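The file my_file11.txt contains compact mmCIF, C-alpha atoms:
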# COMPACT_ATOMS: atom_id res chain seq x y z
CA MET A 1 185.13 120.16 219.94
CA VAL A 2 183.03 117.49 218.22
CA ASP A 3 184.42 114.00 218.76
CA GLY A 4 183.87 111.91 215.69
CA ARG A 5 184.31 108.58 217.37
CA ALA A 6 181.45 106.17 216.90
CA SER A 7 181.74 104.70 220.37
CA GLY A 8 179.46 107.37 221.74
CA ALA A 9 176.76 106.77 219.11
CA ALA A 10 173.19 106.33 220.27
CA PRO A 11 171.83 102.80 219.88
CA GLU A 12 169.95 101.99 216.71
CA SER A 13 168.40 98.61 217.53
CA PRO A 14 164.89 98.53 219.03
CA ALA A 15 166.21 96.81 222.15
CA SER A 16 168.80 99.52 222.63
CA ARG A 17 166.26 102.26 222.04
CA ARG A 18 164.12 100.72 224.78
CA THR A 19 167.18 100.96 226.95
CA PHE A 20 167.43 104.70 226.16
CA VAL A 21 163.84 105.30 227.19
CA ARG A 22 164.22 103.13 230.30
CA ALA A 23 167.34 105.04 231.20
CA ALA A 24 165.43 108.25 230.97
CA ALA A 25 162.68 106.84 233.14
CA ALA A 26 165.14 105.57 235.70
CA ALA A 27 166.86 108.91 235.72
CA ALA A 28 163.59 110.66 236.27
CA ALA A 29 162.61 108.29 239.07
CA GLY A 30 165.92 108.81 240.74
CA GLY A 31 165.83 112.47 240.01
CA SER A 32 164.83 113.53 243.48
CA ALA A 33 167.63 111.65 245.18
CA ALA A 34 170.08 112.71 242.53
CA LEU A 35 168.86 116.28 242.87
CA VAL A 36 169.63 116.27 246.56
CA ALA A 37 172.98 114.61 245.96
CA ALA A 38 173.91 117.02 243.22
CA CYS A 39 172.87 120.00 245.25
CA SER A 40 174.77 118.84 248.29
CA THR A 41 178.01 118.29 246.44
CA HIS A 42 179.30 120.20 243.47
CA ARG A 43 177.04 123.24 243.33
CA ARG A 44 177.84 126.87 242.75
CA LYS A 45 176.01 129.13 245.17
CA PRO A 46 172.90 130.57 243.48
CA PRO A 47 171.57 134.04 243.93
CA PRO A 48 169.84 134.31 247.32
CA VAL A 49 166.27 133.03 247.48
CA ASP A 50 165.39 134.70 250.73
CA THR A 51 165.67 138.28 249.51
CA PRO A 52 163.78 141.17 251.07
CA GLY A 53 162.22 142.02 247.75
CA ALA A 54 160.73 138.54 247.19
CA LYS A 55 157.64 138.74 249.39
CA PRO A 56 155.96 135.41 250.10
CA ASP A 57 152.55 136.69 249.02
CA ALA A 58 153.91 137.70 245.62
CA LEU A 59 155.58 134.33 245.24
CA GLN A 60 152.38 132.56 246.27
CA ALA A 61 150.64 133.96 243.22
CA GLU A 62 153.47 132.75 241.04
CA VAL A 63 153.78 129.20 242.38
CA GLY A 64 151.82 127.73 239.49
CA LEU A 65 154.00 129.53 236.96
CA LEU A 66 157.17 128.42 238.69
CA ASN A 67 155.97 124.83 238.81
CA SER A 68 155.30 124.83 235.09
CA VAL A 69 158.91 125.81 234.48
CA LEU A 70 160.10 123.29 237.05
CA ASP A 71 158.38 120.60 234.98
CA VAL A 72 160.47 121.68 232.02
CA GLU A 73 163.64 121.50 234.11
CA HIS A 74 162.74 117.97 235.24
CA ARG A 75 162.39 116.92 231.62
CA ALA A 76 165.76 118.47 230.81
CA ILE A 77 167.37 116.60 233.68
CA ALA A 78 165.95 113.33 232.37
CA ALA A 79 167.17 114.08 228.86
CA TYR A 80 170.71 114.94 229.92
CA THR A 81 170.86 111.94 232.23
CA ALA A 82 169.87 109.64 229.37
CA ALA A 83 172.12 111.37 226.85
CA ILE A 84 175.39 111.45 228.79
CA PRO A 85 176.26 107.74 228.41
CA LEU A 86 175.75 108.08 224.68
CA LEU A 87 178.19 110.94 224.22
CA SER A 88 181.96 111.10 224.38
CA GLY A 89 184.77 113.63 224.48
CA GLN A 90 183.91 117.30 224.75
CA ALA A 91 180.20 116.68 224.21
CA HIS A 92 180.17 114.25 227.13
CA SER A 93 181.96 116.74 229.39
CA ALA A 94 179.61 119.52 228.42
CA ALA A 95 176.50 117.39 228.98
CA ARG A 96 177.71 116.40 232.46
CA ARG A 97 178.34 120.04 233.30
CA PHE A 98 174.97 121.11 231.98
CA LEU A 99 173.18 118.36 233.92
CA SER A 100 174.62 119.66 237.17
CA GLN A 101 173.47 123.15 236.24
CA GLU A 102 169.96 121.96 235.42
CA PHE A 103 169.82 120.38 238.87
CA ALA A 104 170.79 123.74 240.35
CA HIS A 105 168.01 125.44 238.37
CA ALA A 106 165.46 122.90 239.61
CA ALA A 107 166.65 123.34 243.17
CA GLU A 108 166.28 127.12 242.91
CA LEU A 109 162.78 126.86 241.48
CA SER A 110 161.82 124.38 244.20
CA ALA A 111 163.11 126.72 246.88
CA LEU A 112 161.11 129.62 245.44
CA ILE A 113 157.98 127.49 245.31
CA HIS A 114 158.47 126.46 248.92
CA LYS A 115 158.93 130.09 249.88
CA GLY A 116 155.66 130.92 248.16
CA GLY A 117 153.93 128.29 250.27
CA GLY A 118 153.55 125.87 247.40
CA LYS A 119 154.69 122.34 246.75
CA PRO A 120 157.24 121.73 243.99
CA ASN A 121 156.14 119.32 241.30
CA LEU A 122 157.98 116.04 241.29
CA PRO A 123 159.58 114.60 238.16
CA SER A 124 157.36 112.38 236.02
CA PRO A 125 157.92 108.61 236.27
CA SER A 126 159.06 108.61 232.65
CA TYR A 127 159.61 110.95 229.74
CA SER A 128 159.13 110.29 226.06
CA LEU A 129 162.38 111.42 224.49
CA GLY A 130 161.98 109.88 221.05
CA ASN A 131 164.47 107.64 219.28
CA PRO A 132 167.63 109.66 218.68
CA GLN A 133 169.92 108.16 216.08
CA GLY A 134 173.64 108.53 216.59
CA VAL A 135 175.51 111.32 218.31
CA ALA A 136 173.84 113.91 216.09
CA GLY A 137 170.45 112.58 217.10
CA VAL A 138 171.27 112.81 220.77
CA LEU A 139 172.61 116.33 220.37
CA ALA A 140 169.50 117.28 218.39
CA LEU A 141 167.41 116.02 221.31
CA LEU A 142 169.38 118.17 223.75
CA HIS A 143 169.00 121.12 221.38
CA SER A 144 165.22 120.75 221.39
CA ILE A 145 165.22 120.40 225.18
CA GLU A 146 167.14 123.65 225.56
CA ARG A 147 164.77 125.40 223.16
CA GLU A 148 161.86 124.26 225.33
CA GLN A 149 163.53 125.75 228.36
CA ILE A 150 164.29 129.04 226.65
CA ALA A 151 160.67 129.27 225.51
CA ALA A 152 159.43 128.52 229.04
CA TYR A 153 161.59 131.16 230.71
CA LEU A 154 160.85 133.81 228.09
CA ASP A 155 157.15 133.14 228.61
CA LEU A 156 157.48 133.21 232.39
CA LEU A 157 159.53 136.35 232.94
CA PRO A 158 156.96 139.01 231.97
CA LYS A 159 154.42 137.32 234.24
CA LEU A 160 156.54 137.77 237.36
CA THR A 161 156.41 140.82 239.55
CA PRO A 162 159.48 143.07 239.42
CA GLY A 163 162.17 142.03 241.82
CA THR A 164 165.09 139.77 242.39
CA VAL A 165 163.15 136.58 241.63
CA ARG A 166 162.70 137.82 238.11
CA SER A 167 166.36 138.67 237.65
CA THR A 168 167.35 135.32 239.17
CA LEU A 169 165.29 133.49 236.58
CA ALA A 170 166.71 135.72 233.85
CA ALA A 171 170.10 134.47 235.05
CA VAL A 172 168.83 130.91 234.56
CA LEU A 173 167.60 131.80 231.08
CA ALA A 174 171.04 133.18 230.25
CA ASN A 175 172.60 129.90 231.36
CA GLU A 176 170.21 127.94 229.14
CA ALA A 177 171.29 130.23 226.31
CA GLU A 178 174.89 129.28 227.03
CA HIS A 179 173.93 125.60 226.91
CA ILE A 180 172.20 125.90 223.58
CA SER A 181 175.12 127.78 222.07
CA ILE A 182 177.49 124.94 222.99
CA VAL A 183 175.07 122.30 221.71
CA ARG A 184 174.70 124.24 218.46
CA ALA A 185 178.48 124.37 218.12
CA GLU A 186 178.67 120.60 218.63
CA LEU A 187 176.08 120.22 215.86
CA GLY A 188 178.18 122.36 213.54
CA ALA A 189 175.72 125.27 213.63
CA ALA A 190 176.46 128.91 214.41
CA PRO A 191 176.65 129.12 218.21
CA VAL A 192 175.32 132.68 218.50
CA PRO A 193 172.95 133.27 215.58
CA ARG A 194 170.89 136.18 216.91
CA ALA A 195 171.18 139.42 218.85
CA PHE A 196 168.09 138.49 220.85
CA VAL A 197 167.85 134.87 221.98
CA THR A 198 164.60 133.14 221.11
CA ALA A 199 163.32 129.59 221.28
CA ALA A 200 163.75 129.43 217.51
CA GLU A 201 167.52 129.04 217.88
CA MET B 1 172.07 158.87 237.61
CA PRO B 2 172.73 158.55 233.89
CA LEU B 3 176.27 157.84 232.86
CA THR B 4 177.85 160.97 231.41
CA ASP B 5 179.18 160.86 227.93
CA PRO B 6 182.54 162.61 227.83
CA VAL B 7 183.82 163.82 224.51
CA ALA B 8 187.28 164.89 225.55
CA THR B 9 189.25 166.84 223.02
CA THR B 10 191.60 168.48 225.48
CA ARG B 11 193.46 167.10 228.46
CA ARG B 12 191.52 169.34 230.83
CA GLU B 13 188.27 168.11 229.34
CA LEU B 14 189.49 164.54 229.64
CA LEU B 15 190.32 164.95 233.32
CA ARG B 16 187.01 166.67 233.99
CA ALA B 17 185.16 163.94 232.10
CA GLY B 18 187.09 161.25 233.93
CA VAL B 19 186.03 162.63 237.28
CA ALA B 20 182.43 162.98 236.17
CA THR B 21 182.33 159.53 234.60
CA GLY B 22 184.08 158.01 237.54
CA VAL B 23 181.46 159.44 239.84
CA ALA B 24 178.73 158.26 237.54
CA ALA B 25 180.33 154.84 237.28
CA ALA B 26 180.58 154.66 241.05
CA GLY B 27 176.92 155.57 241.21
CA LEU B 28 176.23 152.87 238.65
CA ALA B 29 178.06 150.30 240.77
CA THR B 30 176.21 151.37 243.92
CA VAL B 31 172.81 151.22 242.31
CA SER B 32 173.68 147.87 240.77
CA ALA B 33 174.17 146.16 244.16
CA PRO B 34 172.14 142.93 244.30
CA ALA B 35 169.08 142.25 246.43
CA ALA B 36 167.97 145.80 247.11
CA PRO B 37 165.37 145.85 249.89
CA ALA B 38 161.78 146.43 248.79
CA ALA B 39 161.51 149.57 250.93
CA GLN B 40 164.24 151.18 248.87
CA ALA B 41 162.84 150.15 245.49
CA ALA B 42 162.63 152.90 242.93
CA PRO B 43 159.16 154.17 241.99
CA ALA B 44 157.33 152.17 239.36
CA GLY B 45 156.49 153.35 235.88
CA PRO B 46 157.93 154.51 232.58
CA GLU B 47 160.31 156.94 234.23
CA ASN B 48 161.96 154.14 236.15
CA ASP B 49 162.06 152.00 233.02
CA ALA B 50 163.86 154.82 231.23
CA SER B 51 166.36 155.07 234.04
CA ALA B 52 167.03 151.34 233.97
CA ILE B 53 167.41 151.35 230.19
CA ARG B 54 169.76 154.30 230.24
CA ARG B 55 172.26 152.50 232.44
CA VAL B 56 172.30 149.46 230.20
CA LEU B 57 172.56 151.62 227.09
CA ALA B 58 175.62 153.42 228.42
CA ILE B 59 177.43 150.11 228.67
CA GLU B 60 176.11 148.89 225.33
CA HIS B 61 177.60 152.03 223.77
CA VAL B 62 181.01 151.45 225.24
CA ILE B 63 181.07 147.76 224.40
CA GLY B 64 180.04 148.59 220.85
CA PHE B 65 182.91 151.06 220.66
CA ALA B 66 185.30 148.45 222.03
CA TYR B 67 184.28 145.85 219.47
CA ALA B 68 184.67 148.32 216.61
CA HIS B 69 188.04 149.51 217.86
CA LEU B 70 189.44 146.02 218.33
CA LEU B 71 188.16 144.87 214.93
CA ALA B 72 190.01 147.77 213.33
CA SER B 73 193.14 147.26 215.41
CA GLY B 74 194.73 144.45 213.41
CA LEU B 75 195.22 142.45 216.60
CA LEU B 76 192.70 139.75 215.72
CA ALA B 77 193.17 136.66 213.60
CA ALA B 78 190.67 136.32 210.77
CA PRO B 79 188.43 133.60 212.26
CA LEU B 80 188.10 135.50 215.53
CA ALA B 81 187.48 138.75 213.69
CA THR B 82 184.62 137.10 211.81
CA MET B 83 183.00 136.00 215.04
CA LEU B 84 183.50 139.37 216.70
CA SER B 85 182.05 141.18 213.69
CA LEU B 86 178.84 139.28 214.32
CA PHE B 87 178.89 140.13 218.02
CA SER B 88 179.56 143.78 217.19
CA ALA B 89 176.47 143.80 214.99
CA HIS B 90 174.48 142.26 217.84
CA GLU B 91 175.59 145.02 220.21
CA GLN B 92 174.52 147.62 217.66
CA GLN B 93 171.10 146.01 217.50
CA HIS B 94 170.84 146.04 221.28
CA ALA B 95 171.76 149.71 221.41
CA SER B 96 169.29 150.58 218.64
CA VAL B 97 166.43 148.89 220.45
CA LEU B 98 167.28 150.55 223.75
CA GLU B 99 167.60 153.96 222.10
CA ALA B 100 164.19 153.50 220.50
CA ALA B 101 162.75 152.52 223.88
CA LEU B 102 164.14 155.69 225.46
CA ARG B 103 162.73 157.90 222.70
CA HIS B 104 159.39 156.17 223.04
CA ARG B 105 159.37 157.18 226.69
CA GLY B 106 160.25 160.76 225.86
CA ALA B 107 163.72 160.45 227.30
CA SER B 108 166.90 161.77 225.74
CA VAL B 109 169.34 159.31 224.27
CA PRO B 110 172.89 159.54 225.60
CA ARG B 111 175.75 159.56 223.14
CA GLY B 112 178.36 156.84 223.33
CA PRO B 113 182.11 157.45 223.68
CA GLN B 114 183.70 159.19 220.73
CA SER B 115 187.31 158.39 221.48
CA VAL B 116 189.46 155.61 222.90
CA ALA B 117 190.31 157.82 225.86
CA ALA B 118 186.64 158.40 226.62
CA ALA B 119 185.83 154.72 226.26
CA ASP B 120 188.72 153.80 228.53
CA VAL B 121 187.42 156.07 231.26
CA VAL B 122 184.12 154.20 231.18
CA LEU B 123 185.80 150.80 230.97
CA HIS B 124 187.99 151.65 233.92
CA GLY B 125 184.92 152.62 235.90
CA LEU B 126 183.44 149.23 235.08
CA ARG B 127 186.64 147.51 236.23
CA VAL B 128 187.39 146.34 232.71
CA THR B 129 190.76 146.35 230.96
CA ARG B 130 191.31 149.52 228.97
CA LEU B 131 191.62 149.54 225.19
CA ALA B 132 194.96 151.32 225.51
CA ASP B 133 196.27 148.28 227.38
CA CYS B 134 195.37 145.79 224.64
CA HIS B 135 198.51 144.70 222.80
CA ASN B 136 197.55 141.31 221.41
CA GLN B 137 194.60 139.08 220.65
CA ARG B 138 194.49 137.58 224.14
CA ASP B 139 194.30 141.05 225.71
CA ALA B 140 191.48 141.91 223.34
CA VAL B 141 189.48 138.80 224.21
CA GLN B 142 189.96 139.35 227.93
CA LEU B 143 188.79 142.94 227.59
CA LEU B 144 185.67 141.83 225.78
CA ILE B 145 184.97 139.13 228.38
CA GLY B 146 185.10 141.81 231.05
CA ALA B 147 182.90 144.16 229.04
CA GLU B 148 180.36 141.43 228.36
CA ALA B 149 180.24 140.66 232.08
CA ALA B 150 179.55 144.32 232.77
CA VAL B 151 176.71 144.61 230.26
CA THR B 152 175.24 141.30 231.43
CA GLY B 153 175.27 142.61 234.97
CA ALA B 154 173.53 145.79 233.87
CA TYR B 155 170.77 143.76 232.24
CA PHE B 156 170.52 141.59 235.35
CA VAL B 157 169.84 144.64 237.49
CA ALA B 158 167.52 146.28 234.96
CA ILE B 159 165.39 143.17 234.63
CA SER B 160 164.54 143.30 238.31
CA LYS B 161 163.13 146.81 237.83
CA LEU B 162 161.48 147.01 234.42
CA HIS B 163 157.71 147.30 234.34
CA SER B 164 157.04 147.08 230.62
CA GLY B 165 156.54 143.41 229.80
CA ARG B 166 157.72 143.87 226.25
CA LEU B 167 160.85 145.72 227.28
CA LEU B 168 161.51 143.14 229.96
CA GLN B 169 161.39 140.30 227.48
CA THR B 170 163.67 142.18 225.08
CA ALA B 171 166.14 142.81 227.89
CA ALA B 172 166.10 139.14 228.87
CA GLN B 173 166.72 138.10 225.28
CA ALA B 174 169.60 140.55 224.95
CA MET B 175 171.07 139.44 228.28
CA ALA B 176 170.93 135.85 227.09
CA ALA B 177 172.78 136.82 223.92
CA GLU B 178 175.44 138.58 225.97
CA ALA B 179 175.88 135.36 227.93
CA GLN B 180 176.37 133.51 224.66
CA HIS B 181 178.99 136.08 223.61
CA SER B 182 180.83 135.52 226.87
CA THR B 183 180.71 131.76 226.41
CA ALA B 184 182.16 132.01 222.91
CA LEU B 185 184.90 134.36 224.09
CA ARG B 186 185.84 132.14 227.02
CA ARG B 187 185.97 129.23 224.61
CA VAL B 188 188.63 131.10 222.62
CA LEU B 189 190.83 131.26 225.72
CA HIS B 190 189.94 127.83 227.14
CA PRO B 191 188.84 125.65 224.21
CA ARG B 192 188.84 122.35 226.07
CA THR B 193 187.81 123.32 229.61
CA ILE B 194 184.04 123.32 229.88
CA GLU B 195 184.18 124.50 233.50
CA LYS B 196 185.73 127.75 232.30
CA ILE B 197 183.53 128.05 229.21
CA VAL B 198 180.24 127.67 231.11
CA PRO B 199 181.24 128.35 234.72
CA GLY B 200 177.97 128.53 236.60
CA PRO B 201 174.21 127.86 236.54
CA PHE B 202 173.21 131.49 237.22
CA VAL B 203 174.57 134.09 234.83
CA GLN B 204 174.49 137.44 236.60
CA GLY B 205 177.43 139.18 235.00
CA ARG B 206 179.27 141.75 237.07
CA HIS B 207 177.18 144.25 238.98

Starting from the file, lay out its structure as structure tokens.
Amino acid sequence: MVDGRASGAAPESPASRRTFVRAAAAAAAGGSAALVAACSTHRRKPPPVDTPGAKPDALQAEVGLLNSVLDVEHRAIAAYTAAIPLLSGQAHSAARRFLSQEFAHAAELSALIHKGGGKPNLPSPSYSLGNPQGVAGVLALLHSIEREQIAAYLDLLPKLTPGTVRSTLAAVLANEAEHISIVRAELGAAPVPRAFVTAAE
Amino acid sequence: MPLTDPVATTRRELLRAGVATGVAAAGLATVSAPAAPAAQAAPAGPENDASAIRRVLAIEHVIGFAYAHLLASGLLAAPLATMLSLFSAHEQQHASVLEAALRHRGASVPRGPQSVAAADVVLHGLRVTRLADCHNQRDAVQLLIGAEAAVTGAYFVAISKLHSGRLLQTAAQAMAAEAQHSTALRRVLHPRTIEKIVPGPFVQGRH
């Protein structure tokens, strides 16, 4: 699946690296509008938010936890948005797909936070995403982003009360695990290294 | 209701086991319905955790059997067999951890299927292709995709019910690995179609 063409390589000059960071910032700033657009167009229906088992008072206590994970999703959205123009072939297609799925995750978290009477955190004006060198550097960035998300969801899940909200977020975690397995494959690493997924993947 | 574990050595036993397992599988499907109302939630505590684990373990046993059978079948090309050997080892680890969790809670550990016929009864109850109907590599991969969806769905349901934080995290990690298995298997069938490899943002399996 890895496309060896150099045309998708990340920029190496300082001016081009500034462009990468600016792109990430612009993506983050436009994240809200893009989030709405993405959610209103090509979006698979998520598990229901308004479930009888997800009582508002239970969610209220978990709003802070959900917002912390939402912050991680916002960062992932910025990273994928910045990375996509720098990738080509199968990696490009995968990154586009994963970006749309990260938007869906953020939308679900936002809906849960609203239901709990809270206010979803907005994306940051900019994100520091480092200076990835070449396609491998960009993929390594996405790999680290996915590891952050896996760590965040694994930390969150035991803190939630039993119910469908918890299983919904486990479904998100499983999707992040799918993402990281594809990114690992693009990097030439074993896609499924462990029986129990951890953030060390 | 725990899934029965038929060890059919005679046709009569097979039929009796098929009825019992079919009923149990139907019960499994009913209990696995999504978004159960809070008023009908099962009682909290270790007993409920054991019940949730037992359902997942029953499917882990049958998927482990399926992997072993298909690896020994000669249907698989070498590169695929290498990958599936790894996944088979993962399933064994999942089952071992779940068995230990059941013993820790003082619950009995069910035995997995001991024959293709017994495994096929369970697979049929899970709406998965039967081993007896696998005649080539593609059939084998499709069976495993179905089985992985079933075990993922079982974890999805169990995670909503578990009370032990440690067991919950283990279940989530295993469920995530099952999702990775499914992704790799779908990639075998659709190597260049990302929409089929990673179809959706919420991985619930089949439940």

Q | Residue hits in chain B, query chain A, radius 8 Å, only C-alpha atoms, as a PyMOL selection string | A | chain B and resi 34-38+87+89-91+93-94+156-157+159-163+165-166+168-170+172-177+179-181+183-184+191-192+194-195+198+200-204

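Minimum atom-to-atom distances from A:His74, A:Tyr80, A:Gly188, A:Glu146 to His92 (chain A) were compared using all atoms listed in the file, and the lowest value belongs to A:Tyr80.
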
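Going from CA of Ser85 (chain B) over to CA of Ala149 (chain B), you cover 18.5 Å.
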
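The neighbours of Arg186 (chain B) here are the residues that come within 8 Å of it, using only C-alpha atoms and leaving out any residue fewer than 5 positions away in the same chain; they are Ile145, Pro191, Lys196 and Ile197 of chain B.
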
Pairwise distance, CA of Ser73 (chain B) with CA of His190 (chain B), equals 22.9 Å

Counting all atoms listed in the file, select every polymer residue within 12 Å of (171.6, 147.1, 233.9) as defined in the file's coordinates, and provide the selection as a tab-separated table (two decimals) with C-alpha atoms, keeping the file's coordinate frame.
chain	number	residue	atom	x	y	z
A	167	SER	CA	166.36	138.67	237.65
B	2	PRO	CA	172.73	158.55	233.89
B	3	LEU	CA	176.27	157.84	232.86
B	28	LEU	CA	176.23	152.87	238.65
B	29	ALA	CA	178.06	150.30	240.77
B	30	THR	CA	176.21	151.37	243.92
B	31	VAL	CA	172.81	151.22	242.31
B	32	SER	CA	173.68	147.87	240.77
B	33	ALA	CA	174.17	146.16	244.16
B	34	PRO	CA	172.14	142.93	244.30
B	49	ASP	CA	162.06	152.00	233.02
B	50	ALA	CA	163.86	154.82	231.23
B	51	SER	CA	166.36	155.07	234.04
B	52	ALA	CA	167.03	151.34	233.97
B	53	ILE	CA	167.41	151.35	230.19
B	54	ARG	CA	169.76	154.30	230.24
B	55	ARG	CA	172.26	152.50	232.44
B	56	VAL	CA	172.30	149.46	230.20
B	57	LEU	CA	172.56	151.62	227.09
B	58	ALA	CA	175.62	153.42	228.42
B	59	ILE	CA	177.43	150.11	228.67
B	60	GLU	CA	176.11	148.89	225.33
B	98	LEU	CA	167.28	150.55	223.75
B	148	GLU	CA	180.36	141.43	228.36
B	149	ALA	CA	180.24	140.66	232.08
B	150	ALA	CA	179.55	144.32	232.77
B	151	VAL	CA	176.71	144.61	230.26
B	152	THR	CA	175.24	141.30	231.43
B	153	GLY	CA	175.27	142.61	234.97
B	154	ALA	CA	173.53	145.79	233.87
B	155	TYR	CA	170.77	143.76	232.24
B	156	PHE	CA	170.52	141.59	235.35
B	157	VAL	CA	169.84	144.64	237.49
B	158	ALA	CA	167.52	146.28	234.96
B	159	ILE	CA	165.39	143.17	234.63
B	160	SER	CA	164.54	143.30	238.31
B	161	LYS	CA	163.13	146.81	237.83
B	162	LEU	CA	161.48	147.01	234.42
B	168	LEU	CA	161.51	143.14	229.96
B	171	ALA	CA	166.14	142.81	227.89
B	172	ALA	CA	166.10	139.14	228.87
B	174	ALA	CA	169.60	140.55	224.95
B	175	MET	CA	171.07	139.44	228.28
B	204	GLN	CA	174.49	137.44	236.60
B	205	GLY	CA	177.43	139.18	235.00
B	206	ARG	CA	179.27	141.75	237.07
B	207	HIS	CA	177.18	144.25	238.98

One residue among A:Ala200, A:Ala78, A:Leu122, A:Ala136 is nearest to Glu186 (chain A) when using only C-alpha atoms, and that residue is A:Ala136

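Going from CA of Leu167 (chain B) over to CA of Asn48 (chain B), you cover 12.3 Å.
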
Please report, as JSON, the centre and edge lengths in Å to one decimal of an axis-aligned box covering all listed atoms of region 93-111 of chain B with 8 Å per side.
{"center_x": 167.6, "center_y": 153.9, "center_z": 222.4, "size_x": 32.4, "size_y": 31.8, "size_z": 25.8}

Practice problem: Write out as a ChimeraX atom specification the residues lying within 7 Å of Glu73 (chain A), counting only C-alpha atoms and excluding same-chain residues fewer than 4 positions away. | Solution: /A:69,77,102,106
